[in-house]
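Here's query_21.txt, which has compact mmCIF, C-alpha atoms and all ligand atoms:
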# COMPACT_ATOMS: atom_id res chain seq x y z
CA MET A 1 62.32 -68.53 20.56
CA PHE A 2 62.40 -70.73 17.50
CA ASP A 3 60.38 -68.18 15.57
CA GLN A 4 63.00 -65.57 16.44
CA ILE A 5 65.82 -67.74 15.17
CA TYR A 6 63.78 -68.42 12.07
CA ASN A 7 63.26 -64.68 11.43
CA PHE A 8 66.78 -63.70 12.33
CA TYR A 9 68.36 -66.14 9.88
CA PRO A 10 65.96 -66.10 6.94
CA ASP A 11 68.55 -67.89 4.81
CA LYS A 12 68.76 -70.69 7.40
CA MET A 13 65.24 -72.02 7.33
CA THR A 14 66.58 -75.46 7.98
CA LYS A 15 64.74 -78.44 9.35
CA ALA A 16 66.76 -78.24 12.57
CA PHE A 17 64.61 -75.42 13.92
CA VAL A 18 62.06 -77.80 15.36
CA ALA A 19 64.41 -79.88 17.49
CA PRO A 20 64.72 -80.30 20.37
CA ALA A 21 61.65 -78.84 21.99
CA VAL A 22 58.37 -79.80 23.54
CA TYR A 23 55.19 -78.57 21.94
CA PRO A 24 52.00 -78.67 23.99
CA ALA A 25 48.87 -78.88 21.84
CA GLY A 26 48.15 -75.38 20.50
CA THR A 27 51.80 -74.35 20.14
CA VAL A 28 52.90 -76.39 17.12
CA HIS A 29 54.12 -74.10 14.36
CA PHE A 30 55.78 -76.59 12.05
CA LYS A 31 54.54 -79.11 9.51
CA THR A 32 55.55 -82.73 9.01
CA THR A 33 57.34 -81.64 5.81
CA ASP A 34 59.75 -79.66 8.02
CA LEU A 35 60.92 -82.80 9.81
CA GLU A 36 63.93 -85.04 9.32
CA GLU A 37 63.69 -88.75 8.54
CA ARG A 38 63.92 -91.27 11.38
CA THR A 39 65.53 -94.71 11.39
CA GLU A 40 62.70 -97.03 12.37
CA PRO A 41 63.33 -100.03 14.64
CA LEU A 42 62.56 -103.40 13.03
CA LYS A 43 63.46 -105.85 15.82
CA VAL A 44 60.80 -107.07 18.20
CA LEU A 45 61.51 -107.76 21.87
CA LEU A 46 59.09 -109.92 23.86
CA CYS A 47 59.14 -110.74 27.58
CA HIS A 48 58.23 -114.26 28.69
CA PRO A 49 55.02 -114.34 30.80
CA GLU A 50 56.20 -116.92 33.34
CA TYR A 51 55.57 -114.53 36.25
CA PHE A 52 52.61 -112.64 34.74
CA ASP A 53 49.81 -112.18 37.29
CA ILE A 54 47.12 -109.77 38.43
CA VAL A 55 47.87 -108.83 42.01
CA ASP A 56 46.45 -105.31 42.32
CA VAL A 57 44.51 -102.64 40.42
CA LYS A 58 46.75 -100.35 38.38
CA ASN A 59 44.17 -99.33 35.79
CA ALA A 60 40.43 -99.44 35.10
CA TYR A 61 40.59 -102.81 33.34
CA MET A 62 42.14 -104.57 36.34
CA GLU A 63 39.18 -103.76 38.59
CA GLY A 64 37.77 -107.06 39.93
CA GLN A 65 40.25 -109.23 37.98
CA GLN A 66 42.44 -110.41 40.86
CA GLY A 67 42.42 -114.19 40.98
CA LEU A 68 40.69 -114.50 37.61
CA LEU A 69 43.77 -114.90 35.46
CA ASP A 70 44.03 -118.19 33.57
CA LYS A 71 47.82 -118.56 33.53
CA ASN A 72 47.87 -121.52 31.16
CA LEU A 73 45.68 -119.66 28.70
CA ALA A 74 47.90 -116.57 29.06
CA LEU A 75 50.93 -118.65 28.11
CA THR A 76 49.10 -120.13 25.11
CA GLN A 77 48.07 -116.66 23.94
CA TRP A 78 51.58 -115.30 24.40
CA ASN A 79 53.05 -118.22 22.41
CA GLU A 80 50.52 -117.54 19.67
CA LEU A 81 51.59 -113.88 19.54
CA LYS A 82 55.23 -114.92 19.43
CA SER A 83 54.50 -117.30 16.55
CA ILE A 84 52.90 -114.43 14.58
CA TYR A 85 56.07 -112.36 15.04
CA LEU A 86 58.21 -115.34 14.00
CA ARG A 87 56.10 -115.65 10.88
CA LEU A 88 56.56 -111.92 10.21
CA LYS A 89 60.28 -112.49 10.50
CA GLU A 90 60.10 -115.29 7.92
CA GLU A 91 58.19 -112.93 5.65
CA GLY A 92 60.74 -110.14 6.09
CA VAL A 93 58.38 -107.71 7.81
CA VAL A 94 60.48 -107.63 11.00
CA GLU A 95 64.20 -108.34 11.27
CA GLU A 96 64.45 -110.31 14.46
CA VAL A 97 62.36 -111.64 17.36
CA LEU A 98 64.18 -111.25 20.68
CA GLU A 99 63.19 -112.39 24.13
CA ILE A 100 63.93 -111.35 27.70
CA ASP A 101 63.08 -113.57 30.68
CA GLY A 102 60.41 -112.45 33.12
CA ALA A 103 61.42 -112.02 36.76
CA ALA A 104 59.79 -113.29 39.96
CA GLY A 105 57.82 -110.54 41.68
CA CYS A 106 57.48 -108.54 38.42
CA GLU A 107 53.92 -109.45 37.51
CA ASP A 108 53.59 -106.82 34.75
CA MET A 109 56.99 -107.24 33.11
CA VAL A 110 55.40 -109.04 30.14
CA PHE A 111 54.17 -105.57 29.07
CA CYS A 112 57.59 -104.69 27.76
CA ALA A 113 56.52 -101.55 25.86
CA ASN A 114 56.68 -99.65 29.13
CA GLN A 115 60.09 -99.88 30.81
CA THR A 116 62.19 -98.15 28.14
CA PHE A 117 62.27 -96.03 25.02
CA PRO A 118 64.95 -97.16 22.50
CA TRP A 119 66.31 -94.69 19.98
CA LYS A 120 69.02 -94.36 17.36
CA ASN A 121 71.09 -91.25 16.62
CA GLY A 122 73.34 -92.01 13.67
CA ASP A 123 75.02 -95.30 14.56
CA GLU A 124 74.58 -94.82 18.27
CA LYS A 125 71.94 -96.94 20.01
CA LEU A 126 70.34 -95.20 22.99
CA VAL A 127 67.73 -96.32 25.46
CA VAL A 128 65.85 -94.03 27.82
CA MET A 129 64.93 -95.76 31.06
CA SER A 130 61.37 -95.30 32.35
CA LYS A 131 60.25 -94.03 35.73
CA MET A 132 57.27 -96.25 36.39
CA HIS A 133 54.27 -94.71 38.11
CA HIS A 134 53.62 -97.79 40.27
CA GLU A 135 56.25 -98.70 42.82
CA SER A 136 55.87 -102.42 42.04
CA ARG A 137 56.68 -101.85 38.37
CA ARG A 138 59.91 -99.96 39.14
CA ARG A 139 61.52 -103.34 39.85
CA GLU A 140 61.19 -104.25 36.15
CA VAL A 141 63.33 -101.43 34.79
CA PRO A 142 66.85 -102.60 35.83
CA PHE A 143 66.35 -105.91 33.97
CA PHE A 144 65.84 -103.96 30.76
CA GLU A 145 68.79 -101.67 31.48
CA THR A 146 71.03 -104.74 31.82
CA TYR A 147 69.53 -106.31 28.70
CA PHE A 148 69.94 -103.26 26.46
CA THR A 149 73.40 -102.43 27.79
CA ALA A 150 74.54 -105.93 26.84
CA LYS A 151 73.15 -105.27 23.34
CA GLY A 152 75.37 -102.20 22.96
CA TYR A 153 72.87 -99.49 23.93
CA THR A 154 73.81 -96.47 26.04
CA PRO A 155 71.23 -96.13 28.83
CA LEU A 156 69.95 -92.61 29.49
CA HIS A 157 68.16 -91.40 32.60
CA LEU A 158 65.53 -88.71 32.90
CA LYS A 159 66.31 -85.80 35.22
CA ASN A 160 63.17 -83.89 36.12
CA ALA A 161 60.45 -86.39 35.26
CA THR A 162 58.52 -88.00 38.10
CA MET A 163 56.86 -90.54 35.82
CA PHE A 164 57.48 -91.86 32.31
CA GLU A 165 56.32 -95.19 30.88
CA GLY A 166 58.39 -95.54 27.72
CA MET A 167 56.80 -96.57 24.46
CA GLY A 168 53.46 -97.03 26.25
CA ASP A 169 53.13 -93.26 26.17
CA THR A 170 55.66 -92.21 23.52
CA ILE A 171 54.68 -92.94 19.95
CA PRO A 172 56.74 -91.76 16.97
CA HIS A 173 55.29 -90.17 13.87
CA PRO A 174 55.80 -92.76 11.10
CA GLN A 175 59.08 -92.25 9.22
CA LEU A 176 59.84 -88.88 10.83
CA LYS A 177 61.79 -87.46 13.76
CA LEU A 178 58.81 -86.43 15.84
CA LEU A 179 57.33 -88.02 18.94
CA TYR A 180 53.87 -87.81 20.47
CA GLY A 181 53.97 -87.95 24.25
CA GLY A 182 50.86 -88.89 26.19
CA TYR A 183 50.64 -87.49 29.72
CA GLY A 184 48.27 -87.33 32.66
CA HIS A 185 48.14 -90.89 33.94
CA ARG A 186 51.53 -92.62 33.66
CA SER A 187 53.89 -89.96 32.29
CA ASP A 188 54.29 -86.26 33.02
CA THR A 189 55.22 -83.33 30.81
CA ALA A 190 58.65 -82.95 32.48
CA ALA A 191 59.47 -86.39 31.07
CA TYR A 192 59.11 -85.05 27.55
CA GLU A 193 61.34 -82.02 28.29
CA ASP A 194 64.01 -84.50 29.40
CA LEU A 195 63.36 -86.87 26.49
CA SER A 196 63.44 -84.12 23.90
CA SER A 197 66.83 -82.84 25.03
CA LEU A 198 68.34 -86.30 25.61
CA LEU A 199 67.36 -87.54 22.14
CA GLN A 200 67.36 -84.21 20.28
CA VAL A 201 63.89 -84.75 18.94
CA PRO A 202 60.74 -82.60 19.04
CA VAL A 203 57.85 -83.93 21.11
CA ILE A 204 54.19 -82.96 20.80
CA THR A 205 52.52 -83.58 24.15
CA LEU A 206 48.96 -84.88 24.26
CA GLN A 207 46.94 -84.87 27.47
CA LEU A 208 45.01 -88.10 28.09
CA ILE A 209 41.71 -87.34 29.80
CA HIS A 210 39.82 -90.65 29.95
CA PRO A 211 40.58 -93.31 32.61
CA ASN A 212 40.34 -96.19 30.11
CA PHE A 213 42.94 -94.57 27.87
CA TYR A 214 45.69 -94.36 30.44
CA HIS A 215 48.57 -94.86 28.01
CA LEU A 216 48.84 -93.23 24.57
CA ASP A 217 49.15 -96.73 23.09
CA THR A 218 45.56 -97.53 24.13
CA CYS A 219 44.02 -94.82 21.94
CA PHE A 220 46.36 -93.63 19.14
CA VAL A 221 47.71 -95.65 16.20
CA PRO A 222 49.58 -93.80 13.43
CA LEU A 223 49.11 -95.79 10.21
CA SER A 224 51.26 -93.75 7.82
CA THR A 225 52.80 -90.28 7.66
CA THR A 226 49.38 -88.88 6.82
CA GLU A 227 46.91 -91.29 8.49
CA VAL A 228 46.10 -92.14 12.09
CA MET A 229 43.37 -94.09 13.88
CA LEU A 230 42.30 -93.00 17.34
CA CYS A 231 39.52 -92.62 19.87
CA LYS A 232 38.69 -88.93 20.20
CA GLU A 233 37.29 -89.26 23.75
CA ALA A 234 40.84 -89.89 24.96
CA PHE A 235 42.02 -86.40 23.98
CA THR A 236 41.29 -82.73 24.68
CA ALA A 237 39.89 -80.50 21.92
CA ASP A 238 43.34 -78.90 21.55
CA GLY A 239 44.89 -82.36 21.30
CA MET A 240 42.50 -83.37 18.53
CA LYS A 241 43.25 -80.12 16.72
CA VAL A 242 47.02 -80.68 16.67
CA ILE A 243 46.57 -84.32 15.62
CA GLY A 244 44.40 -83.04 12.75
CA ASP A 245 47.18 -80.63 11.78
CA MET A 246 49.80 -83.40 11.67
CA PHE A 247 47.69 -86.12 9.93
CA SER A 248 45.40 -85.34 7.01
CA LYS A 249 43.21 -88.42 7.56
CA ILE A 250 41.84 -89.53 10.94
CA TYR A 251 40.06 -92.88 11.32
CA GLU A 252 37.84 -92.40 14.38
CA ILE A 253 37.18 -95.55 16.36
CA PRO A 254 34.01 -95.65 18.48
CA ILE A 255 34.81 -95.58 22.19
CA ASN A 256 32.97 -98.84 22.84
CA GLU A 257 35.05 -100.71 20.26
CA ALA A 258 38.26 -99.14 21.57
CA ILE A 259 37.54 -100.15 25.18
CA THR A 260 36.06 -103.60 24.65
CA THR A 261 38.43 -104.88 21.94
CA PHE A 262 41.63 -102.94 22.72
CA CYS A 263 41.86 -102.43 18.95
CA LEU A 264 43.84 -99.21 19.41
CA ASN A 265 46.54 -101.29 21.03
CA ALA A 266 47.19 -102.89 17.65
CA HIS A 267 50.79 -103.12 16.51
CA VAL A 268 51.24 -101.87 12.97
CA ILE A 269 54.55 -102.39 11.20
CA HIS A 270 55.55 -100.81 7.92
CA ASN A 271 59.00 -101.99 6.83
CA ARG A 272 60.15 -99.17 4.57
CA LYS A 273 63.14 -101.16 3.34
CA ASN A 274 60.86 -103.55 1.44
CA GLY A 275 57.42 -101.92 1.66
CA LYS A 276 55.87 -104.81 3.62
CA LYS A 277 53.04 -103.94 5.99
CA ALA A 278 51.49 -106.03 8.76
CA ALA A 279 49.20 -105.31 11.69
CA ILE A 280 48.55 -107.50 14.72
CA ILE A 281 45.32 -106.81 16.56
CA GLN A 282 43.08 -108.34 19.22
CA LYS A 283 40.16 -110.28 17.70
CA GLY A 284 36.72 -108.68 17.50
CA SER A 285 37.07 -105.16 16.13
CA THR A 286 35.20 -104.00 13.04
CA VAL A 287 35.85 -100.29 12.43
CA ALA A 288 39.56 -100.61 13.21
CA LEU A 289 39.85 -103.71 11.04
CA LYS A 290 38.34 -101.82 8.13
CA ALA A 291 40.81 -98.93 8.60
CA LEU A 292 43.75 -101.35 8.62
CA ASN A 293 42.51 -103.06 5.46
CA GLU A 294 41.91 -99.73 3.74
CA THR A 295 45.43 -98.55 4.53
CA GLY A 296 47.08 -101.64 3.08
CA TYR A 297 47.94 -103.71 6.14
CA THR A 298 47.90 -107.50 6.16
CA VAL A 299 46.01 -108.10 9.40
CA TYR A 300 46.71 -110.84 11.93
CA GLU A 301 43.95 -111.12 14.51
CA THR A 302 44.89 -112.80 17.73
CA GLU A 303 43.40 -113.43 21.19
CA THR A 304 44.87 -111.59 24.19
CA SER A 305 41.95 -111.88 26.64
CA GLU A 306 44.15 -112.77 29.64
CA PHE A 307 46.39 -109.75 29.08
CA MET A 308 43.40 -107.45 28.55
CA LYS A 309 42.34 -108.34 32.11
CA SER A 310 45.51 -106.49 33.13
CA GLY A 311 44.81 -103.56 30.79
CA GLY A 312 47.10 -104.50 27.92
CA SER A 313 47.09 -106.16 24.52
CA VAL A 314 49.42 -106.54 21.52
CA PHE A 315 51.20 -103.16 21.42
CA CYS A 316 52.00 -103.33 25.15
CA MET A 317 53.42 -106.84 24.87
CA LYS A 318 56.43 -105.98 22.73
CA MET A 319 59.18 -103.41 22.37
CA MET A 320 60.48 -102.35 18.99
CA CYS A 321 64.23 -101.92 19.02
CA TYR A 322 67.37 -101.67 16.86
N1 LIG A 401 48.90 -103.90 34.12
C1 LIG A 401 49.79 -103.05 33.39
C2 LIG A 401 49.81 -101.67 34.02
O1 LIG A 401 48.77 -101.20 34.45
C3 LIG A 401 49.38 -102.98 31.95
C4 LIG A 401 50.31 -102.19 31.08
C5 LIG A 401 49.86 -102.11 29.66
N2 LIG A 401 50.80 -101.47 28.85
C6 LIG A 401 50.56 -100.55 27.89
N3 LIG A 401 51.55 -100.15 27.17
N4 LIG A 401 49.38 -100.02 27.70
O2 LIG A 401 50.81 -101.02 34.12
Hey, can you dump this file as structure tokens for me?
Ligand code: ARG
Amino acid sequence: MFDQIYNFYPDKMTKAFVAPAVYPAGTVHFKTTDLEERTEPLKVLLCHPEYFDIVDVKNAYMEGQQGLLDKNLALTQWNELKSIYLRLKEEGVVEEVLEIDGAAGCEDMVFCANQTFPWKNGDEKLVVMSKMHHESRRREVPFFETYFTAKGYTPLHLKNATMFEGMGDTIPHPQLKLLYGGYGHRSDTAAYEDLSSLLQVPVITLQLIHPNFYHLDTCFVPLSTTEVMLCKEAFTADGMKVIGDMFSKIYEIPINEAITTFCLNAHVIHNRKNGKKAAIIQKGSTVALKALNETGYTVYETETSEFMKSGGSVFCMKMMCY
């Protein structure tokens, strides 16, 4: 359909022709140079881990971890992460460090990348509410709806999706109006049809085929408009092909490093207002660390062992917002 419009109005080869629409791997016919610029969020929201616990098995990492959580250590690690963000605020990398309280009975709420997807269209702040795969995690979402509404956001609800886990599965292309949507474990493709029309943004969907890479944020880290680091075992051949079409340089991380260190759950921040770049990553990676250094990031290594027992690390433990 878009090709027809393109051919019918040869004088109107505008950038708008790519939005909104969902592009499964193998159907992408545009280049990153066709895309509009995106306003990137520079505020960090954290959720206090007071009620963090491991009560069931929601992913491969949680297997056998019930009862093994060291809650005091978890709090220490969370405070350490928060202090890194506060330092990044002092240094002008991020604009603000915000906090939402945890809630009793919401043991996974600390992973606040999952309950929403914040967005900005012009001056309007929008937030898409997630549809969590696990019943127990659905309780977390209303707390975020209340929080963002009070901050002046308009909450948006998905229509046809049966599951969608926010920024855990939806990762923007750096600087541009394009989203990558992981599906198969915690989000479905209908979610991206809804998201694309609600936000007026194109989405490239990527099927996740490995149980350890159950969210896109466990296996895919865009580093710049042209560079990405990832674990190829997480994706289909078609998925890898489209990623290769959108990024000219791929840093491949060995699957063992990706699973044992959670390095592909690093949080990379590039503040384009002042050019400052910082990355926060779980301690212990080597290949990923080298890629971050090579691409100009100041790296902060931190310990998130207690959160990794629940299948999450740095990227999952924050939400970027406006
Ligand atoms: N225990 C949580 C779950 O399985 C961990 C979520 C991690 N979040 C993420 N964005 N990868 O839902």
Residues of chain A at most 6 Å from ligand LIG 401 (chain A): nearest atom pair and distance in Å, only C-alpha atoms and all ligand atoms, as a tab-separated table:
residue	atom	partner	partner_atom	distance
A:Lys58	CA	A:LIG401	O1	4.5
A:Asn59	CA	A:LIG401	O1	5.1
A:Asp108	CA	A:LIG401	C1	5.5
A:Phe111	CA	A:LIG401	N2	5.3
A:Ala113	CA	A:LIG401	N3	5.3
A:Asn114	CA	A:LIG401	N3	5.5
A:Gly168	CA	A:LIG401	N3	3.8
A:His215	CA	A:LIG401	N4	5.2
A:Asp217	CA	A:LIG401	N4	5.7
A:Thr218	CA	A:LIG401	N4	5.8
A:Ser310	CA	A:LIG401	N1	4.4
A:Gly311	CA	A:LIG401	C3	4.8
A:Gly312	CA	A:LIG401	C5	4.0
A:Cys316	CA	A:LIG401	N3	3.8
Discussion item. Taking 4 positions as the minimum chain separation for residues in the same chain, which residues sit within 6 Å of range 249-262 of chain A when counting all atoms listed in the file? Answer as a list in words.
Written reply: Glu227, Val228, Met229, Leu230, Cys231 and Ser285 of chain A
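Our summary of the geometry notes that CA of Thr162 in chain A is positioned 6.8 Å from CA of Asp188 in chain A.
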Worksheet item: Which residues, written as a PyMOL selection string, have at least one atom at most 8 Å from Val44 in chain A, with all atoms listed in the file counted and residues fewer than 3 positions away on the same chain left out?
Response: chain A and resi 85+94-98+318-321
Please, which residues in range 254-309 of chain A fall within 10 Å of range 50-53 of chain A when counting all atoms listed in the file, and what is the closest atom pair and distance in Å to one decimal for each, ordered by chain then residue number, as CSV?
residue,atom,partner,partner_atom,distance
A:Glu306,CA,A:Asp53,CA,9.5
A:Phe307,CA,A:Phe52,CA,8.9
A:Lys309,CA,A:Asp53,CA,9.9
Since the input lacks some atoms of range 258-288 of chain A, please model N, CA and C atoms and print them as an mmCIF file, in the coordinates of the input.
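Listed below is the output, out_24.cif:
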data_model
loop_
_atom_site.group_PDB
_atom_site.id
_atom_site.type_symbol
_atom_site.label_atom_id
_atom_site.label_comp_id
_atom_site.auth_asym_id
_atom_site.auth_seq_id
_atom_site.Cartn_x
_atom_site.Cartn_y
_atom_site.Cartn_z
ATOM 1 N N ALA A 258 36.894 -99.345 21.066
ATOM 2 C CA ALA A 258 38.260 -99.140 21.570
ATOM 3 C C ALA A 258 38.430 -99.771 22.955
ATOM 4 N N ILE A 259 37.411 -99.624 23.815
ATOM 5 C CA ILE A 259 37.540 -100.150 25.180
ATOM 6 C C ILE A 259 37.341 -101.667 25.227
ATOM 7 N N THR A 260 36.356 -102.173 24.503
ATOM 8 C CA THR A 260 36.060 -103.600 24.650
ATOM 9 C C THR A 260 37.017 -104.493 23.848
ATOM 10 N N THR A 261 37.548 -104.004 22.740
ATOM 11 C CA THR A 261 38.430 -104.880 21.940
ATOM 12 C C THR A 261 39.913 -104.496 22.019
ATOM 13 N N PHE A 262 40.227 -103.368 22.649
ATOM 14 C CA PHE A 262 41.630 -102.940 22.720
ATOM 15 C C PHE A 262 42.239 -102.786 21.318
ATOM 16 N N CYS A 263 41.363 -102.484 20.334
ATOM 17 C CA CYS A 263 41.860 -102.430 18.950
ATOM 18 C C CYS A 263 42.885 -101.324 18.730
ATOM 19 N N LEU A 264 42.856 -100.284 19.590
ATOM 20 C CA LEU A 264 43.840 -99.210 19.410
ATOM 21 C C LEU A 264 45.152 -99.526 20.117
ATOM 22 N N ASN A 265 45.269 -100.774 20.532
ATOM 23 C CA ASN A 265 46.540 -101.290 21.030
ATOM 24 C C ASN A 265 47.115 -102.252 19.977
ATOM 25 N N ALA A 266 46.651 -102.083 18.754
ATOM 26 C CA ALA A 266 47.190 -102.890 17.650
ATOM 27 C C ALA A 266 48.641 -102.499 17.408
ATOM 28 N N HIS A 267 49.398 -103.436 16.882
ATOM 29 C CA HIS A 267 50.790 -103.120 16.510
ATOM 30 C C HIS A 267 50.882 -103.111 14.995
ATOM 31 N N VAL A 268 51.109 -101.950 14.429
ATOM 32 C CA VAL A 268 51.240 -101.870 12.970
ATOM 33 C C VAL A 268 52.715 -101.703 12.614
ATOM 34 N N ILE A 269 53.145 -102.447 11.622
ATOM 35 C CA ILE A 269 54.550 -102.390 11.200
ATOM 36 C C ILE A 269 54.592 -102.126 9.705
ATOM 37 N N HIS A 270 55.345 -101.099 9.343
ATOM 38 C CA HIS A 270 55.550 -100.810 7.920
ATOM 39 C C HIS A 270 57.067 -100.823 7.705
ATOM 40 N N ASN A 271 57.563 -101.884 7.084
ATOM 41 C CA ASN A 271 59.000 -101.990 6.830
ATOM 42 C C ASN A 271 59.306 -101.206 5.557
ATOM 43 N N ARG A 272 59.918 -100.037 5.737
ATOM 44 C CA ARG A 272 60.150 -99.170 4.570
ATOM 45 C C ARG A 272 61.287 -99.649 3.691
ATOM 46 N N LYS A 273 62.067 -100.625 4.186
ATOM 47 C CA LYS A 273 63.140 -101.160 3.340
ATOM 48 C C LYS A 273 62.566 -102.013 2.216
ATOM 49 N N ASN A 274 61.426 -102.679 2.473
ATOM 50 C CA ASN A 274 60.860 -103.550 1.440
ATOM 51 C C ASN A 274 59.368 -103.278 1.193
ATOM 52 N N GLY A 275 58.815 -102.307 1.886
ATOM 53 C CA GLY A 275 57.420 -101.920 1.660
ATOM 54 C C GLY A 275 56.388 -102.827 2.305
ATOM 55 N N LYS A 276 56.842 -103.868 3.034
ATOM 56 C CA LYS A 276 55.870 -104.810 3.620
ATOM 57 C C LYS A 276 55.155 -104.212 4.833
ATOM 58 N N LYS A 277 53.854 -104.498 4.907
ATOM 59 C CA LYS A 277 53.040 -103.940 5.990
ATOM 60 C C LYS A 277 52.238 -105.022 6.684
ATOM 61 N N ALA A 278 52.290 -105.060 8.012
ATOM 62 C CA ALA A 278 51.490 -106.030 8.760
ATOM 63 C C ALA A 278 50.954 -105.379 10.029
ATOM 64 N N ALA A 279 49.780 -105.817 10.453
ATOM 65 C CA ALA A 279 49.200 -105.310 11.690
ATOM 66 C C ALA A 279 48.733 -106.498 12.521
ATOM 67 N N ILE A 280 49.029 -106.459 13.802
ATOM 68 C CA ILE A 280 48.550 -107.500 14.720
ATOM 69 C C ILE A 280 47.557 -106.830 15.659
ATOM 70 N N ILE A 281 46.395 -107.460 15.800
ATOM 71 C CA ILE A 281 45.320 -106.810 16.560
ATOM 72 C C ILE A 281 44.505 -107.861 17.307
ATOM 73 N N GLN A 282 44.006 -107.493 18.462
ATOM 74 C CA GLN A 282 43.080 -108.340 19.220
ATOM 75 C C GLN A 282 41.857 -108.643 18.348
ATOM 76 N N LYS A 283 41.357 -109.865 18.452
ATOM 77 C CA LYS A 283 40.160 -110.280 17.700
ATOM 78 C C LYS A 283 38.935 -109.448 18.090
ATOM 79 N N GLY A 284 38.037 -109.223 17.156
ATOM 80 C CA GLY A 284 36.720 -108.680 17.500
ATOM 81 C C GLY A 284 36.426 -107.258 17.086
ATOM 82 N N SER A 285 37.393 -106.534 16.526
ATOM 83 C CA SER A 285 37.070 -105.160 16.130
ATOM 84 C C SER A 285 36.490 -105.150 14.721
ATOM 85 N N THR A 286 35.755 -104.109 14.396
ATOM 86 C CA THR A 286 35.200 -104.000 13.040
ATOM 87 C C THR A 286 35.681 -102.717 12.363
ATOM 88 N N VAL A 287 35.468 -101.572 13.036
ATOM 89 C CA VAL A 287 35.850 -100.290 12.430
ATOM 90 C C VAL A 287 37.375 -100.216 12.253
ATOM 91 N N ALA A 288 38.094 -100.658 13.282
ATOM 92 C CA ALA A 288 39.560 -100.610 13.210
ATOM 93 C C ALA A 288 40.076 -101.558 12.130
#
